[in-house]
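Notes follow the structure.
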Amino acid sequence: MDSLFTPAAVVDLDRMEANLDRMAAYAAQHGIGLRPHTKTHKSPLVASQQIERGAIGLTVATLREAEIMAPLDADILIAHPPVGDAKLKRLVALAATNRITVALDSKEALEGLDAATRTADVHVGVLIEADLGMHRVGVQSPADAVALAMQADRMRNVAYKGLLFYPGHIRQRVEEQDAAIEQLNTDLDAYLVALRDAGLAPDIVSGGSTPAAFASHRIRGMTEMRPGTYVYNDRTTALVDACAWDDCAYSVLATVISTAVPGQAVVDAGSKAIFREELRGTDATGLGALLDRPDVILKGMSEEHGLLDLANTDWRPRVGDRVRIVPNHVCVSVNLHPLIHGVRGNAVEGTWPVVARGWTP
């Protein structure tokens, strides 16, 4: 790693592979389909390793991600409704050669999808998205879910497949999630009962996130899980005990460029390499922490400068020293880098592009 130009995105391959193995084993043990979200790694190379370990398909957030993952011949769930002619045109092109399912929560999105698939003579699946606590998207009642499912079920080129939810609101420490999970079960059951009573029992009930991933077997009726962050993990995941600190595989390699101001060191990685995001689900502070010294936090940043807080450590870096920073949120940091350097120990074993980054048409 000493030869890498900084800032550089680095992945510890031993840790990544252990993370992949752990989640695959958990899903297999509990009979839950693993459909990992590719928004974290944005790489067909990593996705192929997830498929090799038994993933039943992939989840994507963008059409760009779907197009990049399409050559893997995986069943692809687009967990973000494509709205508008430009997106629908790309969607039906994908559906001509791939198994595609779309999550949506409105008749407008459904009717647009129906028209586009009939015109192109392709078929897609649909999952009705329900809001079970995140309050971001999703139908607001079981009756709304039934109405939308009925509409989808009558369509010729759109196949109603089931229900989707994202429990992203469950961000407490793992040992404090019990009440939230029980409420989720209560809310989910109301939807499942309503759909069954309407003759629309879902074949697929898709949920899951990394902070609550290892509680997935406690979510009654869920058939598949969609964690994404687990492949690399990050500071947030570790602080809520969804992983150990030693499970953090991703870090940003940076060089100390200044120690002139007392009580801090400045590195050459700022918001354009790490991303400025506050912690959620914990009262800890900072925008990241050093991989080998988690008590040293990234207290602030500008575009090209990161400020390390030395107040709680006797470590005194020198200009030219190199550090590895674990970001609060790995997904947005990965998206800032064109390349990932896979390492074992201090040796760079391989480098791969973050192919699906950004919004490239």
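So you can find residues: chains in the structure tokens are A, B, ... in the order shown, residues in each start at 1, and ligands are numbered from 1 in order.
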
Just the residues within 9 Å of stretch 9-18 of chain A, please, counting only C-alpha atoms, with nothing from its chain fewer than 5 positions along; format it as a tab-separated table (two decimals) with N, CA, C and O atoms, in the first residue's frame.
chain	number	residue	atom	x	y	z
A	1	MET	N	0.81	-1.22	0.00
A	1	MET	CA	0.00	0.00	0.00
A	1	MET	C	0.84	1.26	0.00
A	1	MET	O	0.33	2.33	-0.31
A	23	MET	N	-22.76	-13.76	6.24
A	23	MET	CA	-24.15	-13.47	5.88
A	23	MET	C	-24.74	-14.61	5.07
A	23	MET	O	-25.93	-14.97	5.26
A	49	GLN	N	-19.17	-12.75	-6.35
A	49	GLN	CA	-18.79	-13.52	-5.16
A	49	GLN	C	-20.00	-13.75	-4.26
A	49	GLN	O	-20.11	-14.80	-3.60
A	230	TYR	N	-23.17	-4.78	4.69
A	230	TYR	CA	-22.44	-5.86	5.36
A	230	TYR	C	-21.19	-6.31	4.62
A	230	TYR	O	-20.25	-6.84	5.23
A	231	VAL	N	-21.17	-6.14	3.30
A	231	VAL	CA	-20.03	-6.63	2.52
A	231	VAL	C	-18.73	-5.95	2.96
A	231	VAL	O	-17.66	-6.57	3.03
A	232	TYR	N	-18.81	-4.65	3.29
A	232	TYR	CA	-17.64	-3.88	3.74
A	232	TYR	C	-17.77	-3.45	5.20
A	232	TYR	O	-16.76	-3.33	5.89
A	233	ASN	N	-19.00	-3.16	5.63
A	233	ASN	CA	-19.28	-2.58	6.95
A	233	ASN	C	-18.69	-1.18	7.08
A	233	ASN	O	-17.91	-0.73	6.24
A	246	ASP	N	-13.42	-5.14	13.89
A	246	ASP	CA	-12.51	-5.90	13.03
A	246	ASP	C	-13.20	-6.46	11.80
A	246	ASP	O	-12.53	-7.06	10.94
A	247	ASP	N	-14.52	-6.28	11.67
A	247	ASP	CA	-15.23	-6.69	10.46
A	247	ASP	C	-15.29	-5.56	9.44
A	247	ASP	O	-15.81	-5.77	8.33
A	248	CYS	N	-14.79	-4.38	9.79
A	248	CYS	CA	-14.78	-3.26	8.84
A	248	CYS	C	-13.70	-3.52	7.79
A	248	CYS	O	-12.49	-3.44	8.08
A	249	ALA	N	-14.13	-3.83	6.58
A	249	ALA	CA	-13.19	-4.19	5.52
A	249	ALA	C	-12.76	-2.99	4.68
A	249	ALA	O	-11.70	-3.03	4.05
A	250	TYR	N	-13.56	-1.94	4.68
A	250	TYR	CA	-13.30	-0.79	3.81
A	250	TYR	C	-12.71	0.37	4.62
A	250	TYR	O	-13.17	0.66	5.73
A	251	SER	N	-11.74	1.01	4.04
A	251	SER	CA	-11.20	2.23	4.64
A	251	SER	C	-10.63	3.11	3.53
A	251	SER	O	-10.39	2.64	2.41
A	252	VAL	N	-10.42	4.36	3.84
A	252	VAL	CA	-9.79	5.29	2.90
A	252	VAL	C	-8.37	5.54	3.38
A	252	VAL	O	-8.15	6.05	4.49
A	253	LEU	N	-7.42	5.14	2.57
A	253	LEU	CA	-6.00	5.38	2.86
A	253	LEU	C	-5.69	6.85	2.61
A	253	LEU	O	-6.01	7.39	1.55
A	273	ALA	N	-13.57	12.33	-0.73
A	273	ALA	CA	-13.08	10.96	-0.64
A	273	ALA	C	-13.83	10.14	0.41
A	273	ALA	O	-13.92	8.92	0.31
A	324	ARG	N	-5.56	4.85	7.79
A	324	ARG	CA	-6.73	4.30	7.12
A	324	ARG	C	-7.97	4.71	7.90
A	324	ARG	O	-8.09	4.41	9.09
A	333	SER	N	-19.09	6.75	0.39
A	333	SER	CA	-17.66	6.90	0.19
A	333	SER	C	-17.20	6.11	-1.02
A	333	SER	O	-16.45	6.60	-1.86
A	334	VAL	N	-17.66	4.87	-1.14
A	334	VAL	CA	-17.30	4.04	-2.30
A	334	VAL	C	-17.67	4.75	-3.60
A	334	VAL	O	-16.91	4.74	-4.57
A	337	HIS	N	-15.11	7.00	-5.39
A	337	HIS	CA	-13.82	6.48	-5.85
A	337	HIS	C	-13.96	5.70	-7.15
A	337	HIS	O	-14.85	4.86	-7.28
A	338	PRO	N	-13.05	5.94	-8.10
A	338	PRO	CA	-13.10	5.16	-9.35
A	338	PRO	C	-12.57	3.74	-9.19
A	338	PRO	O	-12.95	2.86	-9.96
A	339	LEU	N	-11.70	3.52	-8.20
A	339	LEU	CA	-11.05	2.22	-8.04
A	339	LEU	C	-11.07	1.77	-6.59
A	339	LEU	O	-11.01	2.59	-5.67
A	340	ILE	N	-11.12	0.45	-6.40
A	340	ILE	CA	-10.94	-0.17	-5.10
A	340	ILE	C	-9.66	-0.99	-5.15
A	340	ILE	O	-9.43	-1.73	-6.11
A	341	HIS	N	-8.84	-0.86	-4.12
A	341	HIS	CA	-7.61	-1.64	-4.02
A	341	HIS	C	-7.82	-2.74	-2.99
A	341	HIS	O	-8.04	-2.45	-1.80
A	342	GLY	N	-7.80	-3.98	-3.43
A	342	GLY	CA	-7.97	-5.11	-2.53
A	342	GLY	C	-6.64	-5.51	-1.93
A	342	GLY	O	-5.67	-5.76	-2.68
A	343	VAL	N	-6.57	-5.57	-0.60
A	343	VAL	CA	-5.29	-5.83	0.05
A	343	VAL	C	-5.40	-7.02	1.01
A	343	VAL	O	-6.47	-7.33	1.53
A	344	ARG	N	-4.27	-7.68	1.19
A	344	ARG	CA	-4.10	-8.64	2.28
A	344	ARG	C	-2.84	-8.21	3.01
A	344	ARG	O	-1.75	-8.17	2.43
A	345	GLY	N	-3.01	-7.86	4.29
A	345	GLY	CA	-1.88	-7.26	4.99
A	345	GLY	C	-1.56	-5.92	4.36
A	345	GLY	O	-2.44	-5.08	4.14
A	348	VAL	N	-1.05	-5.11	-1.96
A	348	VAL	CA	-2.19	-4.92	-2.85
A	348	VAL	C	-2.28	-6.15	-3.75
A	348	VAL	O	-1.41	-6.39	-4.58
A	349	GLU	N	-3.37	-6.90	-3.57
A	349	GLU	CA	-3.54	-8.15	-4.33
A	349	GLU	C	-4.23	-7.92	-5.66
A	349	GLU	O	-4.05	-8.67	-6.60

(message) Need the shell around A:Leu45: protein/DNA/RNA residues with any atom at most 12 Å away, counting only C-alpha atoms. Skip same-chain ones fewer than 5 positions apart. Format as a ChimeraX atom specification?
(response) /A:38,50-52,68-69,71-72,340,342,350-356

(request) From a DSSP calculation on the backbone, collect every residue of stretch 4-156 of chain A in helix (DSSP H, G or I) and output the set as a PyMOL selection string. (result) chain A and resi 13-30+44-52+63-72+85-95+107-120+142-153

Would you save the residues of that selection, restricted to C-alpha atoms, as a tab-separated table (two decimals), in the first residue's frame?
chain	number	residue	atom	x	y	z
A	13	LEU	CA	-9.98	-8.97	1.30
A	14	ASP	CA	-9.81	-11.34	4.26
A	15	ARG	CA	-12.40	-9.26	6.11
A	16	MET	CA	-14.63	-8.85	3.08
A	17	GLU	CA	-14.64	-12.57	2.37
A	18	ALA	CA	-15.44	-13.32	6.03
A	19	ASN	CA	-18.34	-10.84	5.86
A	20	LEU	CA	-19.69	-12.51	2.72
A	21	ASP	CA	-19.36	-15.98	4.25
A	22	ARG	CA	-21.04	-14.94	7.51
A	23	MET	CA	-24.15	-13.47	5.88
A	24	ALA	CA	-24.47	-16.32	3.38
A	25	ALA	CA	-24.25	-18.88	6.19
A	26	TYR	CA	-26.85	-17.01	8.26
A	27	ALA	CA	-29.31	-16.83	5.37
A	28	ALA	CA	-28.85	-20.53	4.57
A	29	GLN	CA	-29.22	-21.54	8.22
A	30	HIS	CA	-32.58	-19.76	8.51
A	44	PRO	CA	-19.97	-6.98	-10.63
A	45	LEU	CA	-16.76	-8.56	-9.32
A	46	VAL	CA	-18.05	-8.43	-5.74
A	47	ALA	CA	-21.60	-9.29	-6.78
A	48	SER	CA	-20.35	-12.44	-8.46
A	49	GLN	CA	-18.79	-13.52	-5.16
A	50	GLN	CA	-22.15	-13.00	-3.45
A	51	ILE	CA	-23.86	-15.13	-6.10
A	52	GLU	CA	-21.21	-17.84	-5.75
A	63	LEU	CA	-30.79	1.52	-13.67
A	64	ARG	CA	-27.06	2.07	-14.06
A	65	GLU	CA	-26.44	-0.55	-11.37
A	66	ALA	CA	-28.94	-2.90	-13.02
A	67	GLU	CA	-27.24	-2.57	-16.40
A	68	ILE	CA	-23.82	-3.22	-14.90
A	69	MET	CA	-25.05	-6.32	-13.02
A	70	ALA	CA	-27.10	-7.68	-15.94
A	71	PRO	CA	-24.28	-9.77	-17.51
A	72	LEU	CA	-24.13	-11.82	-14.29
A	85	ASP	CA	-40.06	7.66	-20.35
A	86	ALA	CA	-36.26	7.85	-20.26
A	87	LYS	CA	-35.99	5.42	-17.34
A	88	LEU	CA	-38.74	3.13	-18.60
A	89	LYS	CA	-37.03	2.82	-21.98
A	90	ARG	CA	-33.86	1.57	-20.27
A	91	LEU	CA	-35.86	-0.70	-18.01
A	92	VAL	CA	-37.65	-2.52	-20.82
A	93	ALA	CA	-34.35	-2.95	-22.67
A	94	LEU	CA	-33.04	-4.74	-19.58
A	95	ALA	CA	-36.21	-6.82	-19.26
A	107	LYS	CA	-50.63	3.60	-9.58
A	108	GLU	CA	-48.77	6.20	-11.66
A	109	ALA	CA	-45.53	4.19	-11.51
A	110	LEU	CA	-47.44	0.95	-12.11
A	111	GLU	CA	-49.39	2.28	-15.09
A	112	GLY	CA	-46.24	3.72	-16.65
A	113	LEU	CA	-44.54	0.35	-16.24
A	114	ASP	CA	-47.56	-1.44	-17.71
A	115	ALA	CA	-47.62	0.77	-20.80
A	116	ALA	CA	-43.87	0.49	-21.40
A	117	THR	CA	-43.80	-3.30	-21.05
A	118	ARG	CA	-46.78	-3.78	-23.36
A	119	THR	CA	-45.23	-1.53	-26.01
A	120	ALA	CA	-41.91	-3.39	-25.82
A	142	PRO	CA	-52.95	-2.64	3.93
A	143	ALA	CA	-55.98	-1.52	1.91
A	144	ASP	CA	-53.72	0.58	-0.33
A	145	ALA	CA	-51.43	-2.43	-0.82
A	146	VAL	CA	-54.36	-4.64	-1.78
A	147	ALA	CA	-55.70	-2.08	-4.27
A	148	LEU	CA	-52.33	-1.70	-6.00
A	149	ALA	CA	-51.71	-5.46	-5.99
A	150	MET	CA	-55.13	-6.05	-7.56
A	151	GLN	CA	-54.35	-3.54	-10.28
A	152	ALA	CA	-50.98	-5.20	-10.99
A	153	ASP	CA	-52.53	-8.66	-10.95

(message) Which residue is closest to A:Asn312? Choose from A:Val296, A:Val326, A:Ala180, A:Ala74 and count only C-alpha atoms.
(response)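 When distances to A:Asn312 are compared using only C-alpha atoms, the smallest one comes from A:Val296.
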
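Around A:Ile78, within 8 Å and counting only C-alpha atoms, the residues found are A:Thr59, A:Val60, A:Ala61, A:Thr62, A:Leu63, A:Ala66, A:Ile100, A:Thr101, A:Val102, A:Ala103, once anything fewer than 4 positions away on its own chain is removed.
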
Print the selection's residues with all heavy atoms to a file, as a short mmCIF file (atom, residue, chain, number, x, y, z; two decimals), in the first residue's frame.
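So selection_31.cif came out as:
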data_model
loop_
_atom_site.label_atom_id
_atom_site.label_comp_id
_atom_site.auth_asym_id
_atom_site.auth_seq_id
_atom_site.Cartn_x
_atom_site.Cartn_y
_atom_site.Cartn_z
N THR A 59 -30.08 -6.89 -5.57
CA THR A 59 -30.90 -5.69 -5.44
C THR A 59 -30.08 -4.51 -5.94
O THR A 59 -28.89 -4.41 -5.65
CB THR A 59 -31.30 -5.45 -3.99
OG1 THR A 59 -31.95 -6.61 -3.47
CG2 THR A 59 -32.25 -4.26 -3.87
N VAL A 60 -30.72 -3.61 -6.68
CA VAL A 60 -30.05 -2.40 -7.15
C VAL A 60 -30.93 -1.20 -6.84
O VAL A 60 -32.14 -1.34 -6.65
CB VAL A 60 -29.74 -2.46 -8.66
CG1 VAL A 60 -28.86 -3.66 -9.00
CG2 VAL A 60 -31.03 -2.51 -9.48
N ALA A 61 -30.29 -0.04 -6.83
CA ALA A 61 -31.03 1.20 -6.60
C ALA A 61 -31.21 2.02 -7.86
O ALA A 61 -32.11 2.85 -7.94
CB ALA A 61 -30.31 2.05 -5.54
N THR A 62 -30.35 1.79 -8.85
CA THR A 62 -30.39 2.60 -10.07
C THR A 62 -30.38 1.70 -11.30
O THR A 62 -29.93 0.55 -11.26
CB THR A 62 -29.19 3.56 -10.15
OG1 THR A 62 -27.99 2.79 -10.38
CG2 THR A 62 -29.03 4.37 -8.87
N LEU A 63 -30.85 2.26 -12.41
CA LEU A 63 -30.79 1.52 -13.67
C LEU A 63 -29.34 1.30 -14.10
O LEU A 63 -29.02 0.29 -14.72
CB LEU A 63 -31.56 2.27 -14.74
CG LEU A 63 -33.08 2.23 -14.56
CD1 LEU A 63 -33.76 3.26 -15.45
CD2 LEU A 63 -33.62 0.85 -14.84
N ALA A 66 -28.31 -1.74 -12.40
CA ALA A 66 -28.94 -2.90 -13.02
C ALA A 66 -28.25 -3.28 -14.32
O ALA A 66 -28.01 -4.47 -14.60
CB ALA A 66 -30.42 -2.60 -13.28
N ILE A 100 -36.33 -9.25 -14.33
CA ILE A 100 -36.39 -7.97 -13.63
C ILE A 100 -37.66 -7.88 -12.79
O ILE A 100 -38.76 -8.22 -13.25
CB ILE A 100 -36.38 -6.79 -14.63
CG1 ILE A 100 -35.12 -6.81 -15.50
CG2 ILE A 100 -36.50 -5.45 -13.89
CD1 ILE A 100 -33.83 -6.56 -14.76
N THR A 101 -37.51 -7.42 -11.55
CA THR A 101 -38.63 -7.11 -10.68
C THR A 101 -38.47 -5.68 -10.20
O THR A 101 -37.35 -5.23 -9.93
CB THR A 101 -38.69 -8.07 -9.47
OG1 THR A 101 -38.80 -9.41 -9.94
CG2 THR A 101 -39.89 -7.76 -8.58
N VAL A 102 -39.58 -4.95 -10.10
CA VAL A 102 -39.56 -3.54 -9.71
C VAL A 102 -40.40 -3.37 -8.45
O VAL A 102 -41.49 -3.92 -8.33
CB VAL A 102 -40.13 -2.66 -10.84
CG1 VAL A 102 -40.25 -1.21 -10.38
CG2 VAL A 102 -39.25 -2.75 -12.08
N ALA A 103 -39.88 -2.59 -7.51
CA ALA A 103 -40.66 -2.20 -6.33
C ALA A 103 -41.28 -0.83 -6.58
O ALA A 103 -40.61 0.07 -7.08
CB ALA A 103 -39.76 -2.15 -5.09
#

(message) Need to verify the contact set: stretch 254-267 of chain A, 10 Å, only C-alpha atoms, exclusion of same-chain residues closer than 6 positions in sequence. Can you return it as a ChimeraX atom specification?
(response) /A:4-9,273,296,298-301,304-313,316-325

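Here atom CA of A:Gly162 and atom CA of A:Gly33 stand 14.3 Å from one another.
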
(request) Could you check how far atom CA of A:Leu104 sits from atom CA of A:Thr210, in Å to one decimal? (result)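 These atoms are spaced 21.6 Å apart.
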
(request) Considering only C-alpha atoms, state which residue in the set A:Lys39, A:Arg235, A:Lys272, A:His329 is at the smallest distance from A:Ser302. (result)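 Closest to A:Ser302 of all the choices is A:Lys272.
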
(request) Have a look at atom CA of A:Leu58 and atom CA of A:Pro36 and let me know their distance in Å, one decimal. (result) 5.4 Å

(request) Pull the strand (DSSP E) assignments for stretch 71-307 of chain A out of DSSP run on the backbone, and list those residues as number ranges by chain. (result) A: 76-78, 100-104, 124-129, 158-164, 204-207, 224-225, 250-258, 264-267, 288-290, 298-301, 306-307

(request) May I have the residues within 9 Å of A:Pro211 as a PyMOL selection string, using only C-alpha atoms and disregarding those fewer than 3 positions away in the same chain? (result) chain A and resi 168+170-174+208+214-215+227+229-230+236-237+240-243
